[in-house]
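Next up, query09.txt (compact mmCIF, C-alpha atoms):
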```
# COMPACT_ATOMS: atom_id res chain seq x y z
CA MET H 634 74.77 84.85 111.22
CA THR H 635 71.59 85.01 113.25
CA TRP H 636 70.40 87.96 115.34
CA ALA H 637 71.06 86.03 118.53
CA VAL H 638 74.71 85.53 117.58
CA LEU H 639 75.09 89.12 116.43
CA SER H 640 73.64 90.49 119.65
CA LEU H 641 76.07 88.34 121.66
CA LEU H 642 78.96 89.72 119.62
CA LEU H 643 77.69 93.27 120.09
CA ALA H 644 77.58 92.75 123.84
CA GLY H 645 81.17 91.52 123.66
CA ALA H 646 82.11 94.59 121.63
CA GLY H 647 80.57 96.71 124.38
CA VAL H 648 82.79 95.04 126.97
CA THR H 649 85.83 95.52 124.72
CA ALA H 650 85.02 99.21 124.21
CA ALA H 651 84.42 99.80 127.93
CA ILE H 652 87.67 98.07 128.98
CA SER H 653 89.64 99.99 126.36
CA VAL H 654 88.20 103.41 127.18
CA VAL H 655 88.78 103.02 130.92
CA SER H 656 92.33 101.72 130.32
CA VAL H 657 93.32 104.46 127.88
CA ILE H 658 92.06 107.23 130.20
CA GLY H 659 93.60 105.58 133.27
CA GLY H 660 96.80 105.06 131.29
CA LEU H 661 96.88 108.74 130.30
CA LEU H 662 96.61 109.83 133.95
CA LEU H 663 99.25 107.35 135.10
CA GLY H 664 101.33 108.23 132.04
CA ILE H 665 101.29 111.91 133.03
CA ALA H 666 102.62 110.94 136.47
CA ILE H 667 105.36 108.75 135.00
CA CYS H 668 106.26 111.42 132.46
CA GLY H 669 106.55 113.88 135.36
CA ALA H 670 108.90 111.45 137.13
CA SER H 671 111.01 111.00 134.01
CA LEU H 672 111.43 114.78 133.68
CA ALA H 673 112.11 115.28 137.39
CA ARG H 674 115.37 116.60 138.78
CA SER H 675 115.82 113.63 141.14
CA ARG H 676 117.93 110.89 139.58
CA ALA H 677 116.12 108.16 141.56
CA LEU H 678 112.74 109.26 140.20
CA ARG H 679 114.08 109.32 136.65
CA GLY H 680 115.57 105.85 137.14
CA CYS H 681 112.26 104.44 138.42
CA ALA H 682 110.39 105.92 135.45
CA ALA H 683 112.95 104.47 133.02
CA VAL H 684 112.69 100.98 134.53
CA TYR H 685 108.89 101.16 134.51
CA VAL H 686 108.77 102.18 130.85
CA SER H 687 111.38 99.62 129.83
CA PHE H 688 109.59 96.77 131.62
CA PHE H 689 106.07 97.46 130.42
CA ARG H 690 107.21 98.10 126.86
CA GLY H 691 109.63 95.17 126.80
CA VAL H 692 107.39 92.37 128.08
CA PRO H 693 104.49 91.03 125.99
CA LEU H 694 101.10 92.21 127.25
CA LEU H 695 99.99 88.57 127.43
CA VAL H 696 102.79 87.86 129.92
CA GLN H 697 101.93 90.98 131.92
CA LEU H 698 98.31 89.85 132.15
CA LEU H 699 99.35 86.34 133.23
CA LEU H 700 101.66 87.85 135.83
CA LEU H 701 98.91 90.08 137.26
CA TYR H 702 96.30 87.36 137.13
CA HIS H 703 98.48 84.84 138.99
CA ALA H 704 100.70 87.03 141.16
CA LEU H 705 98.11 89.40 142.64
CA PRO H 706 96.15 86.66 144.47
CA ARG H 707 99.51 85.52 145.89
CA LEU H 708 99.92 88.99 147.38
CA GLY H 709 96.46 88.70 148.93
CA LEU H 710 94.77 90.91 146.32
CA ASP H 711 92.02 88.83 144.77
CA LEU H 712 90.76 90.95 141.89
CA PRO H 713 88.00 89.72 139.58
CA GLY H 714 89.21 88.94 136.06
CA ILE H 715 87.87 92.10 134.52
CA ALA H 716 89.58 94.34 137.08
CA ALA H 717 92.89 92.54 136.56
CA ALA H 718 92.44 92.99 132.81
CA VAL H 719 91.79 96.74 133.09
CA LEU H 720 94.71 97.11 135.50
CA GLY H 721 97.01 95.24 133.12
CA LEU H 722 96.03 97.29 130.09
CA THR H 723 96.30 100.53 132.10
CA LEU H 724 99.78 99.75 133.42
CA CYS H 725 100.97 98.81 129.94
CA THR H 726 99.52 101.74 128.00
CA ALA H 727 100.76 104.16 130.70
CA ALA H 728 104.34 103.24 129.78
CA TYR H 729 103.75 104.04 126.09
CA GLN H 730 101.80 107.22 126.81
CA ALA H 731 104.47 108.44 129.25
CA GLU H 732 107.05 108.12 126.46
CA THR H 733 104.97 110.03 123.90
CA LEU H 734 104.14 112.73 126.47
CA ARG H 735 107.83 113.07 127.30
CA GLY H 736 108.50 113.53 123.59
CA GLY H 737 105.82 116.24 123.53
CA PHE H 738 107.29 118.11 126.50
CA VAL H 739 110.82 117.95 125.12
CA ASN H 740 109.60 119.38 121.80
CA VAL H 741 107.85 122.45 123.22
CA PRO H 742 109.74 125.33 121.53
CA ALA H 743 112.21 126.91 123.98
CA GLY H 744 111.26 130.38 122.71
CA LEU H 745 107.71 129.99 124.02
CA ILE H 746 108.97 129.05 127.49
CA GLU H 747 111.33 132.05 127.47
CA ALA H 748 108.49 134.30 126.34
CA GLY H 749 106.45 133.06 129.30
CA ARG H 750 109.33 133.88 131.65
CA ILE H 751 109.75 137.36 130.14
CA VAL H 752 106.10 138.29 130.67
CA GLY H 753 106.61 137.30 134.31
CA MET H 754 104.91 133.91 134.55
CA THR H 755 105.93 131.70 137.46
CA ALA H 756 107.30 128.22 136.75
CA ARG H 757 103.89 126.80 137.68
CA GLN H 758 102.08 129.12 135.30
CA ILE H 759 104.49 128.29 132.49
CA MET H 760 103.80 124.60 133.09
CA LEU H 761 100.02 124.97 133.18
CA ARG H 762 99.58 127.60 130.46
CA VAL H 763 102.46 127.00 128.06
CA ARG H 764 104.19 123.65 128.34
CA ALA H 765 101.31 121.30 129.21
CA PRO H 766 98.81 122.58 126.60
CA ILE H 767 101.38 122.56 123.81
CA ALA H 768 102.75 119.15 124.79
CA LEU H 769 99.21 117.70 124.88
CA ARG H 770 98.44 119.15 121.47
CA LEU H 771 101.67 117.72 120.06
CA THR H 772 100.98 114.25 121.46
CA LEU H 773 97.27 113.98 120.63
CA PRO H 774 97.79 112.02 117.37
CA ALA H 775 100.06 109.56 119.17
CA VAL H 776 97.49 109.12 121.96
CA VAL H 777 94.75 108.36 119.42
CA ASN H 778 97.09 105.85 117.81
CA GLU H 779 97.72 104.31 121.23
CA ALA H 780 93.95 104.07 121.83
CA ILE H 781 93.62 102.04 118.61
CA LEU H 782 96.51 99.77 119.66
CA ILE H 783 94.92 99.21 123.08
CA LEU H 784 91.55 98.44 121.53
CA LYS H 785 93.26 95.67 119.56
CA ALA H 786 95.50 94.55 122.42
CA SER H 787 92.44 94.24 124.67
CA SER H 788 91.64 91.03 122.74
CA LEU H 789 94.27 89.38 124.97
CA VAL H 790 92.11 89.80 128.08
CA SER H 791 90.08 86.90 126.66
CA VAL H 792 92.93 84.70 127.92
CA VAL H 793 92.30 85.63 131.56
CA GLY H 794 88.63 84.82 131.19
CA VAL H 795 87.02 88.19 130.43
CA ALA H 796 84.01 87.87 128.10
CA ASP H 797 85.16 90.52 125.64
CA LEU H 798 84.55 90.47 121.88
CA THR H 799 87.28 87.91 121.16
CA ARG H 800 86.23 85.56 123.96
CA THR H 801 82.59 85.79 122.88
CA ALA H 802 83.55 84.99 119.29
CA GLN H 803 85.61 82.02 120.51
CA ASN H 804 82.67 80.68 122.52
CA ILE H 805 80.31 81.08 119.59
CA ALA H 806 82.73 79.51 117.10
CA SER H 807 83.23 76.48 119.29
CA SER H 808 79.49 75.87 119.52
CA ASN H 809 78.30 76.67 115.98
CA TYR H 810 81.38 75.28 114.16
CA ARG H 811 81.49 78.33 111.90
CA PRO H 812 84.80 79.93 112.84
CA ILE H 813 85.18 81.82 109.55
CA GLU H 814 81.94 83.80 109.76
CA THR H 815 82.22 84.28 113.52
CA PHE H 816 85.82 85.55 113.65
CA ALA H 817 85.31 87.62 110.49
CA ALA H 818 82.31 89.27 112.15
CA ALA H 819 84.38 89.90 115.28
CA GLY H 820 87.13 91.38 113.12
CA ALA H 821 84.63 93.64 111.39
CA LEU H 822 83.38 94.89 114.77
CA TYR H 823 86.96 95.67 115.87
CA LEU H 824 87.48 97.53 112.60
CA LEU H 825 84.29 99.50 113.19
CA LEU H 826 85.34 100.41 116.73
CA ASN H 827 88.72 101.55 115.42
CA ILE H 828 87.11 103.70 112.74
CA VAL H 829 85.00 105.33 115.46
CA VAL H 830 88.11 105.96 117.61
CA GLY H 831 90.01 107.35 114.62
CA GLY H 832 87.11 109.63 113.71
CA ALA H 833 86.73 110.85 117.30
CA GLY H 834 90.48 111.50 117.40
CA ALA H 835 90.35 113.55 114.18
CA GLY H 836 87.44 115.58 115.59
CA LEU H 837 89.32 116.16 118.84
CA GLY H 838 92.37 117.22 116.85
CA ARG H 839 90.33 119.85 114.99
CA MET H 840 88.90 121.12 118.28
CA VAL H 841 92.31 121.37 119.94
CA GLY H 842 93.88 122.87 116.84
CA ARG H 843 91.38 125.76 116.73
CA GLY H 844 93.18 127.85 119.35
CA ARG H 845 96.46 127.70 117.46
CA MET O 476 109.31 77.78 141.83
CA ASN O 477 112.52 76.54 143.36
CA LEU O 478 115.90 76.61 141.68
CA GLU O 479 115.95 72.82 141.31
CA LEU O 480 112.79 72.93 139.23
CA ILE O 481 114.21 75.65 137.01
CA ARG O 482 117.40 73.68 136.54
CA ALA O 483 115.47 70.52 135.64
CA SER O 484 113.37 72.39 133.08
CA ILE O 485 116.24 74.12 131.30
CA PRO O 486 116.22 71.75 128.26
CA GLU O 487 112.49 72.35 127.74
CA ILE O 488 112.91 76.09 128.16
CA ILE O 489 115.69 76.12 125.57
CA ASP O 490 113.42 74.23 123.16
CA GLY O 491 110.70 76.84 123.75
CA LEU O 492 113.17 79.66 123.21
CA GLY O 493 114.23 77.97 119.96
CA PHE O 494 110.62 77.91 118.81
CA THR O 495 110.17 81.56 119.71
CA LEU O 496 113.23 82.46 117.62
CA LEU O 497 111.98 80.17 114.84
CA MET O 498 108.70 82.08 114.72
CA TRP O 499 110.24 85.50 115.21
CA LEU O 500 113.24 85.66 112.86
CA PRO O 501 111.84 83.88 109.75
CA GLY O 502 108.45 85.50 110.44
CA SER O 503 110.04 88.96 110.52
CA ALA O 504 112.09 88.27 107.38
CA LEU O 505 108.98 87.10 105.51
CA ALA O 506 107.02 90.08 106.80
CA LEU O 507 109.74 92.46 105.64
CA ALA O 508 109.89 90.85 102.18
CA LEU O 509 106.11 90.84 101.81
CA GLY O 510 105.87 94.41 103.08
CA LEU O 511 108.54 95.51 100.59
CA LEU O 512 106.63 93.83 97.76
CA VAL O 513 103.38 95.56 98.76
CA ALA O 514 105.10 98.94 99.13
CA ILE O 515 106.72 98.65 95.68
CA LEU O 516 103.41 97.57 94.12
CA ARG O 517 101.75 100.60 95.71
CA HIS O 518 104.57 102.86 94.52
CA TYR O 519 104.47 101.76 90.88
CA GLY O 520 101.13 99.98 90.45
CA GLY O 521 98.78 102.86 89.70
CA PRO O 522 95.94 104.36 91.75
CA ALA O 523 93.47 101.43 91.58
CA LEU O 524 95.96 98.87 92.93
CA ASP O 525 97.18 101.40 95.47
CA ARG O 526 93.69 101.93 96.83
CA GLY O 527 92.92 98.20 96.92
CA LEU O 528 96.10 97.39 98.82
CA GLN O 529 95.51 100.32 101.17
CA ALA O 530 92.08 98.92 102.08
CA LEU O 531 93.56 95.47 102.68
CA LEU O 532 96.29 96.92 104.91
CA GLY O 533 93.64 98.90 106.79
CA VAL O 534 91.79 95.69 107.62
CA LEU O 535 94.99 93.93 108.72
CA ARG O 536 96.06 96.83 110.91
CA GLY O 537 92.58 97.50 112.29
CA THR O 538 91.94 94.01 113.68
CA PRO O 539 93.70 92.25 116.57
CA PHE O 540 96.46 89.77 115.76
CA LEU O 541 94.72 87.23 117.99
CA VAL O 542 91.52 87.37 115.88
CA GLN O 543 93.58 87.03 112.69
CA ILE O 544 95.33 83.88 113.84
CA PHE O 545 92.06 82.41 115.17
CA LEU O 546 90.57 82.99 111.74
CA LEU O 547 93.57 81.37 110.05
CA TYR O 548 94.03 78.45 112.46
CA TYR O 549 90.40 77.55 113.22
CA GLY O 550 88.80 78.84 110.02
CA GLY O 551 91.51 77.72 107.59
CA PRO O 552 90.61 73.99 107.61
CA PHE O 553 87.09 74.88 106.38
CA ILE O 554 88.57 76.24 103.14
CA GLY O 555 91.26 73.58 102.77
CA TRP O 556 94.10 75.40 104.55
CA ASP O 557 94.92 72.68 107.03
CA PHE O 558 98.02 74.15 108.65
CA ASP O 559 99.55 72.87 111.86
CA ALA O 560 99.96 75.44 114.65
CA PRO O 561 103.57 76.53 113.94
CA THR O 562 102.88 76.96 110.21
CA ALA O 563 99.73 78.94 110.87
CA GLY O 564 101.61 80.99 113.44
CA LEU O 565 104.49 81.76 111.10
CA LEU O 566 102.12 82.64 108.28
CA GLY O 567 99.92 84.80 110.51
CA LEU O 568 102.88 86.63 111.98
CA SER O 569 104.32 87.30 108.51
CA VAL O 570 101.09 88.71 107.10
CA TYR O 571 100.43 90.79 110.22
CA GLY O 572 103.97 92.18 110.23
CA ALA O 573 103.86 92.80 106.47
CA ALA O 574 100.91 95.18 106.92
CA TYR O 575 103.05 97.37 109.21
CA PHE O 576 106.28 97.01 107.25
CA ALA O 577 104.47 98.00 104.03
CA GLU O 578 103.49 101.29 105.69
CA ILE O 579 106.98 101.86 107.13
CA ILE O 580 108.60 101.19 103.73
CA ARG O 581 106.06 103.37 101.89
CA GLY O 582 106.94 106.22 104.23
CA GLY O 583 110.66 105.54 103.66
CA LEU O 584 110.30 105.58 99.86
CA ALA O 585 108.33 108.82 100.03
CA ALA O 586 111.05 110.40 102.19
CA VAL O 587 113.87 109.81 99.67
CA PRO O 588 114.60 113.26 98.23
CA ARG O 589 113.10 113.74 94.76
CA GLY O 590 116.33 115.32 93.59
CA HIS O 591 118.16 112.03 94.04
CA VAL O 592 115.63 110.20 91.85
CA GLU O 593 115.85 112.97 89.24
CA ALA O 594 119.63 112.85 89.37
CA ALA O 595 119.48 109.10 88.70
CA ALA O 596 117.23 109.76 85.69
CA CYS O 597 119.65 112.46 84.48
CA VAL O 598 122.62 110.09 84.46
CA GLY O 599 120.51 107.66 82.44
CA MET O 600 119.55 105.04 85.03
CA THR O 601 116.53 102.92 84.15
CA ARG O 602 113.62 102.68 86.57
CA ALA O 603 114.89 99.32 87.88
CA GLN O 604 118.40 100.73 88.37
CA THR O 605 117.03 103.75 90.20
CA LEU O 606 115.04 101.48 92.49
CA ARG O 607 117.97 99.20 93.24
CA ARG O 608 120.76 101.77 93.51
CA VAL O 609 119.02 104.88 94.86
CA LEU O 610 115.55 104.33 96.29
CA LEU O 611 116.06 101.03 98.15
CA PRO O 612 119.42 101.80 99.82
CA GLU O 613 118.38 105.28 100.92
CA MET O 614 115.02 103.97 102.12
CA ALA O 615 116.70 101.15 104.08
CA LEU O 616 118.73 103.65 106.07
CA LEU O 617 115.72 105.89 106.71
CA ILE O 618 113.50 103.10 108.02
CA LEU O 619 116.11 101.42 110.25
CA PRO O 620 114.79 102.81 113.57
CA SER O 621 111.14 101.92 112.81
CA THR O 622 112.21 98.50 111.55
CA ILE O 623 113.99 97.72 114.82
CA ASN O 624 110.94 98.91 116.72
CA MET O 625 108.72 96.65 114.61
CA LEU O 626 111.06 93.68 115.20
CA ILE O 627 110.56 94.19 118.94
CA VAL O 628 106.78 94.38 118.45
CA LEU O 629 106.83 91.11 116.50
CA MET O 630 109.01 89.45 119.14
CA LYS O 631 106.34 90.27 121.71
CA GLU O 632 103.54 89.11 119.40
CA THR O 633 105.09 85.64 119.22
CA ALA O 634 103.86 85.16 122.82
CA VAL O 635 100.29 85.32 121.47
CA LEU O 636 101.00 82.22 119.36
CA SER O 637 100.98 80.16 122.56
CA ILE O 638 97.18 80.57 122.49
CA ILE O 639 96.96 78.48 119.30
CA THR O 640 99.27 75.89 120.94
CA VAL O 641 102.57 76.76 119.24
CA PRO O 642 105.13 75.29 121.69
CA GLU O 643 107.15 78.52 122.07
CA LEU O 644 108.55 80.09 125.23
CA THR O 645 105.23 81.25 126.72
CA ALA O 646 103.52 77.92 126.12
CA VAL O 647 106.46 75.93 127.54
CA ILE O 648 106.93 78.00 130.68
CA THR O 649 103.22 78.34 131.52
CA GLY O 650 103.02 74.58 130.93
CA ILE O 651 105.78 73.94 133.47
CA GLY O 652 104.05 76.39 135.83
CA SER O 653 100.70 74.64 135.71
CA LEU O 654 102.34 71.23 136.07
CA HIS O 655 103.84 72.31 139.39
CA PHE O 656 101.10 74.72 140.48
CA ALA O 657 103.63 77.56 140.23
CA TYR O 658 101.69 79.93 137.97
CA ALA O 659 103.00 83.17 139.42
CA GLU O 660 106.63 82.05 139.34
CA ALA O 661 106.26 80.89 135.74
CA ALA O 662 104.77 84.25 134.71
CA PHE O 663 107.60 86.03 136.52
CA MET O 664 110.21 83.94 134.74
CA LEU O 665 108.52 84.65 131.40
CA ALA O 666 108.59 88.37 132.05
CA VAL O 667 112.33 88.21 132.81
CA CYS O 668 113.03 86.17 129.64
CA TYR O 669 111.13 88.50 127.32
CA TRP O 670 112.47 91.62 128.98
CA GLY O 671 116.00 90.32 128.36
CA LEU O 672 115.20 89.47 124.74
CA THR O 673 113.63 92.82 123.88
CA GLU O 674 116.32 94.82 125.69
CA ALA O 675 119.03 92.86 123.86
CA THR O 676 117.30 93.46 120.53
CA GLY O 677 117.00 97.17 121.25
CA LEU O 678 120.66 97.36 122.24
CA LEU O 679 121.80 95.56 119.07
CA GLY O 680 119.54 97.78 116.99
CA ARG O 681 120.91 101.00 118.47
CA GLY O 682 124.44 99.72 117.88
CA LEU O 683 123.59 99.01 114.24
CA GLU O 684 122.07 102.49 113.86
CA ARG O 685 125.27 104.06 115.17
CA ARG O 686 127.43 102.02 112.84
CA LEU O 687 125.34 102.90 109.80
CA GLN O 688 125.27 106.58 110.73
CA ARG O 689 128.25 107.29 108.46
CA PHE O 690 126.22 106.36 105.36
CA ARG O 691 123.66 109.00 106.19
CA LEU O 692 123.45 111.71 103.56
CA ALA O 693 123.37 115.22 104.89
```

Is it possible to express this structure as structure tokens?
Amino acid sequence: MTWAVLSLLLAGAGVTAAISVVSVIGGLLLGIAICGASLARSRALRGCAAVYVSFFRGVPLLVQLLLLYHALPRLGLDLPGIAAAVLGLTLCTAAYQAETLRGGFVNVPAGLIEAGRIVGMTARQIMLRVRAPIALRLTLPAVVNEAILILKASSLVSVVGVADLTRTAQNIASSNYRPIETFAAAGALYLLLNIVVGGAGAGLGRMVGRGR
Amino acid sequence: MNLELIRASIPEIIDGLGFTLLMWLPGSALALALGLLVAILRHYGGPALDRGLQALLGVLRGTPFLVQIFLLYYGGPFIGWDFDAPTAGLLGLSVYGAAYFAEIIRGGLAAVPRGHVEAAACVGMTRAQTLRRVLLPEMALLILPSTINMLIVLMKETAVLSIITVPELTAVITGIGSLHFAYAEAAFMLAVCYWGLTEATGLLGRGLERRLQRFRLA
């Protein structure tokens, strides 16, 4: 494993990390919106949220990426590969994050919401000061877990031509004929990225848990 | 893609579906068996073995499935493992799934109430009897929801095997799509197929959970 090869892999790992971070944050924002729809009073909104979640959790990410990559140009939207990849990962992770957030909201103790009402908070205040903070704290471990899953799932964007860590490793392996070392090194870099994400998540958990 | 084309490709699509099921069901069964073995080894094998296996599982769960099967399929021949694509796919899927099942089963074993294990010891059951008659059945019921969830995950992972040229559903339908320059239609059809498969699996799983509810101990 020469320095040249390693630096190529590191550049790929950078692309993987960037795609994953943007997708997880975008997915959290979209997930909040979908979670809101699934808790809404309107039956149509709830139905739309349920179909969205069912579709994006029920179809393999690879198929979703192929669909975006081939169908968007047909609709006149010619995105570059990397944008299609980020969009695909975001849409997919949003479905999972919406479900975990919904679980968090449902599990906010009813007593706390009543307490908020008794001290005279408006519905909006209860949402912003009681329900949302507690739900976010409850779902943080699941969101960190989702970030790790997305980091791994992002390897599939190599199929739509994005030069992420997996694609870089594939290119290297097919030119140096050393697939074992190359893919093992790529695997080690994924593992390292995941350890960083896990560590950051644990730190965030301590920070959020302080105000308990 | 017009209807005529779909109708003409039905035999191929059924072959692809067969391959998907051939990867998914035996792969899941192997993964479950291997995961059970690892979980039992961790449960009874002492701290050194436990830590070793934990590290191995950490590596398997911390790296993408795609990288694992690339390593197996393209790297294997260099160390004498010259598998064809379906064998490598089945093997890769089993090992990948086993890493998750081992964790699910470990959690299930830990959640069996201690009192039940002690009760088994009190009535004179041996360790093997306790495992077979108390721990395993109670654990099986506890892990049913996560097992069904994992089966759905593995079903979706079989699509990744198309990348190492296993002729399963994704490979077949994208192949038809590129033959007729109908990429978007092929991807759409794939999405519908997998959505149907995962929804059906979820439905069956929830039915099974309801039926087994009566064995649940209070």

Could you please determine the separation between CA of Met760 in chain H and CA of Ala833 in chain H in Å, to one decimal place?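 It comes out at 27.0 Å.
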
Which residue, H:Leu695, H:Leu641, H:Ala666, H:Ala802, has the smallest gap to Ser787 in chain H when you use all atoms listed in the file?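 Result for the nearest residue to Ser787 in chain H: H:Leu695.
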
Range 811-818 of chain H: which residues within 6 Å, counting all atoms listed in the file, same-chain residues fewer than 2 positions away excluded, as a PDB file with C-alpha atoms, in the coordinates of the input?
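That gives us result-v8.pdb:
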```
ATOM      1  CA  ALA H 802      83.550  84.990 119.290  1.00  0.00           C
ATOM      2  CA  ALA H 806      82.730  79.510 117.100  1.00  0.00           C
ATOM      3  CA  ASN H 809      78.300  76.670 115.980  1.00  0.00           C
ATOM      4  CA  GLY H 820      87.130  91.380 113.120  1.00  0.00           C
ATOM      5  CA  ALA H 821      84.630  93.640 111.390  1.00  0.00           C
TER       6      ALA H 821
ATOM      7  CA  LEU O 546      90.570  82.990 111.740  1.00  0.00           C
ATOM      8  CA  GLY O 550      88.800  78.840 110.020  1.00  0.00           C
TER       9      GLY O 550
END
```

Nearest to chain H by atom-to-atom distance, counting all atoms listed in the file, from O:Ala615, O:Ala675, O:Ala523, O:Leu687: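 Of the candidates, the smallest distance to chain H is held by O:Ala675.
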
Could you list, as a PyMOL selection string, every residue of chain O that has an atom within 7 Å of an atom of chain H, counting only C-alpha atoms? chain O and resi 534+537-539+541-542+546+549-550+631-632+634-635+658-659+662-663+665-666+669-670+673-674

Figure out the distance between CA of Ala573 in chain O and CA of Leu497 in chain O, please, to one decimal in Å.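 CA of Leu497 in chain O sits 17.2 Å away from CA of Ala573 in chain O.
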
If you measure from CA of Gly749 in chain H to CA of Arg770 in chain H, what distance in Å do you get, rounded to one decimal? 17.9 Å

Do you know which residues are at most 9 Å from Leu566 in chain O counting all atoms listed in the file, after dropping those on the same chain fewer than 2 positions away, and could you put them as a ChimeraX atom specification? /O:502,505,544,547,561-564,568-571

Taking every listed atom of range 664-683 of chain O and adding 8 Å to each side, what centre and edge lengths in Å (one decimal) does the axis-aligned box have, as lines of an AutoDock Vina configuration file?
```
center_x = 116.5
center_y = 92.5
center_z = 124.5
size_x = 31.9
size_y = 33.1
size_z = 36.5
```

List the neighbours of Leu629 in chain O out to 8 Å using all atoms listed in the file; skip same-chain residues closer than 5 positions along the sequence, and give me the result as a PyMOL selection string. chain O and resi 499+503+568+572

List the neighbours of Thr622 in chain O out to 10 Å using all atoms listed in the file; skip same-chain residues closer than 2 positions along the sequence, and give me the result as a list in words.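 Skipping anything fewer than 2 positions along the chain leaves Ser503, Leu507, Tyr575, Phe576, Ile579, Ile580, Ala615, Leu616, Leu617, Ile618, Leu619, Pro620, Asn624, Met625, Leu626, Ile627, Val628 and Gly680 of chain O.
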
For range 585-594 of chain O, list every protein, DNA or RNA residue within 8 Å, evaluated using only C-alpha atoms, and leave out those in the same chain fewer than 6 positions away; present the list as a list in words. Thr605, Val609, Leu610, Glu613, Met614 and Leu617 of chain O

Generate a file of the selected residues that holds C-alpha atoms, formatted as a short mmCIF file (atom, residue, chain, number, x, y, z; two decimals), in the coordinates of the input.
```cif
data_model
loop_
_atom_site.label_atom_id
_atom_site.label_comp_id
_atom_site.auth_asym_id
_atom_site.auth_seq_id
_atom_site.Cartn_x
_atom_site.Cartn_y
_atom_site.Cartn_z
CA THR O 605 117.03 103.75 90.20
CA VAL O 609 119.02 104.88 94.86
CA LEU O 610 115.55 104.33 96.29
CA GLU O 613 118.38 105.28 100.92
CA MET O 614 115.02 103.97 102.12
CA LEU O 617 115.72 105.89 106.71
#
```

Which residues, protein or nucleic acid, reach to within 9 Å of (108.9, 111.6, 130.0) in the file's coordinates when using all atoms listed in the file, and can you give that as JSON, numbers by chain? {"H": [664, 665, 667, 668, 669, 670, 671, 672, 673, 679, 682, 683, 730, 731, 732, 733, 734, 735, 736, 737, 738, 739]}

Please complete range 606-618 of chain O so it has N, CA and C atoms, and hand it over as a PDB file, keeping the file's coordinate frame.
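Saved as out-v2.pdb:
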```
ATOM      1  N   LEU O 606     115.608 102.144  91.318  1.00  0.00           N
ATOM      2  CA  LEU O 606     115.040 101.480  92.490  1.00  0.00           C
ATOM      3  C   LEU O 606     116.131 100.773  93.281  1.00  0.00           C
ATOM      4  N   ARG O 607     116.992 100.038  92.567  1.00  0.00           N
ATOM      5  CA  ARG O 607     117.970  99.200  93.240  1.00  0.00           C
ATOM      6  C   ARG O 607     119.126 100.018  93.820  1.00  0.00           C
ATOM      7  N   ARG O 608     119.548 101.069  93.096  1.00  0.00           N
ATOM      8  CA  ARG O 608     120.760 101.770  93.510  1.00  0.00           C
ATOM      9  C   ARG O 608     120.511 103.047  94.279  1.00  0.00           C
ATOM     10  N   VAL O 609     119.292 103.611  94.166  1.00  0.00           N
ATOM     11  CA  VAL O 609     119.020 104.880  94.860  1.00  0.00           C
ATOM     12  C   VAL O 609     117.906 104.721  95.891  1.00  0.00           C
ATOM     13  N   LEU O 610     116.716 104.347  95.398  1.00  0.00           N
ATOM     14  CA  LEU O 610     115.550 104.330  96.290  1.00  0.00           C
ATOM     15  C   LEU O 610     115.716 103.324  97.435  1.00  0.00           C
ATOM     16  N   LEU O 611     116.020 102.061  97.106  1.00  0.00           N
ATOM     17  CA  LEU O 611     116.060 101.030  98.150  1.00  0.00           C
ATOM     18  C   LEU O 611     117.154 101.291  99.201  1.00  0.00           C
ATOM     19  N   PRO O 612     118.399 101.583  98.782  1.00  0.00           N
ATOM     20  CA  PRO O 612     119.420 101.800  99.820  1.00  0.00           C
ATOM     21  C   PRO O 612     119.121 103.010 100.710  1.00  0.00           C
ATOM     22  N   GLU O 613     118.659 104.100 100.106  1.00  0.00           N
ATOM     23  CA  GLU O 613     118.380 105.280 100.920  1.00  0.00           C
ATOM     24  C   GLU O 613     117.206 105.011 101.862  1.00  0.00           C
ATOM     25  N   MET O 614     116.191 104.305 101.311  1.00  0.00           N
ATOM     26  CA  MET O 614     115.020 103.970 102.120  1.00  0.00           C
ATOM     27  C   MET O 614     115.433 103.078 103.295  1.00  0.00           C
ATOM     28  N   ALA O 615     116.308 102.098 103.032  1.00  0.00           N
ATOM     29  CA  ALA O 615     116.700 101.150 104.080  1.00  0.00           C
ATOM     30  C   ALA O 615     117.304 101.888 105.281  1.00  0.00           C
ATOM     31  N   LEU O 616     118.096 102.894 104.990  1.00  0.00           N
ATOM     32  CA  LEU O 616     118.730 103.650 106.070  1.00  0.00           C
ATOM     33  C   LEU O 616     117.693 104.466 106.840  1.00  0.00           C
ATOM     34  N   LEU O 617     116.742 105.038 106.076  1.00  0.00           N
ATOM     35  CA  LEU O 617     115.720 105.890 106.710  1.00  0.00           C
ATOM     36  C   LEU O 617     114.814 105.085 107.633  1.00  0.00           C
ATOM     37  N   ILE O 618     114.498 103.838 107.236  1.00  0.00           N
ATOM     38  CA  ILE O 618     113.500 103.100 108.020  1.00  0.00           C
ATOM     39  C   ILE O 618     114.136 102.249 109.118  1.00  0.00           C
TER      40      ILE O 618
END
```
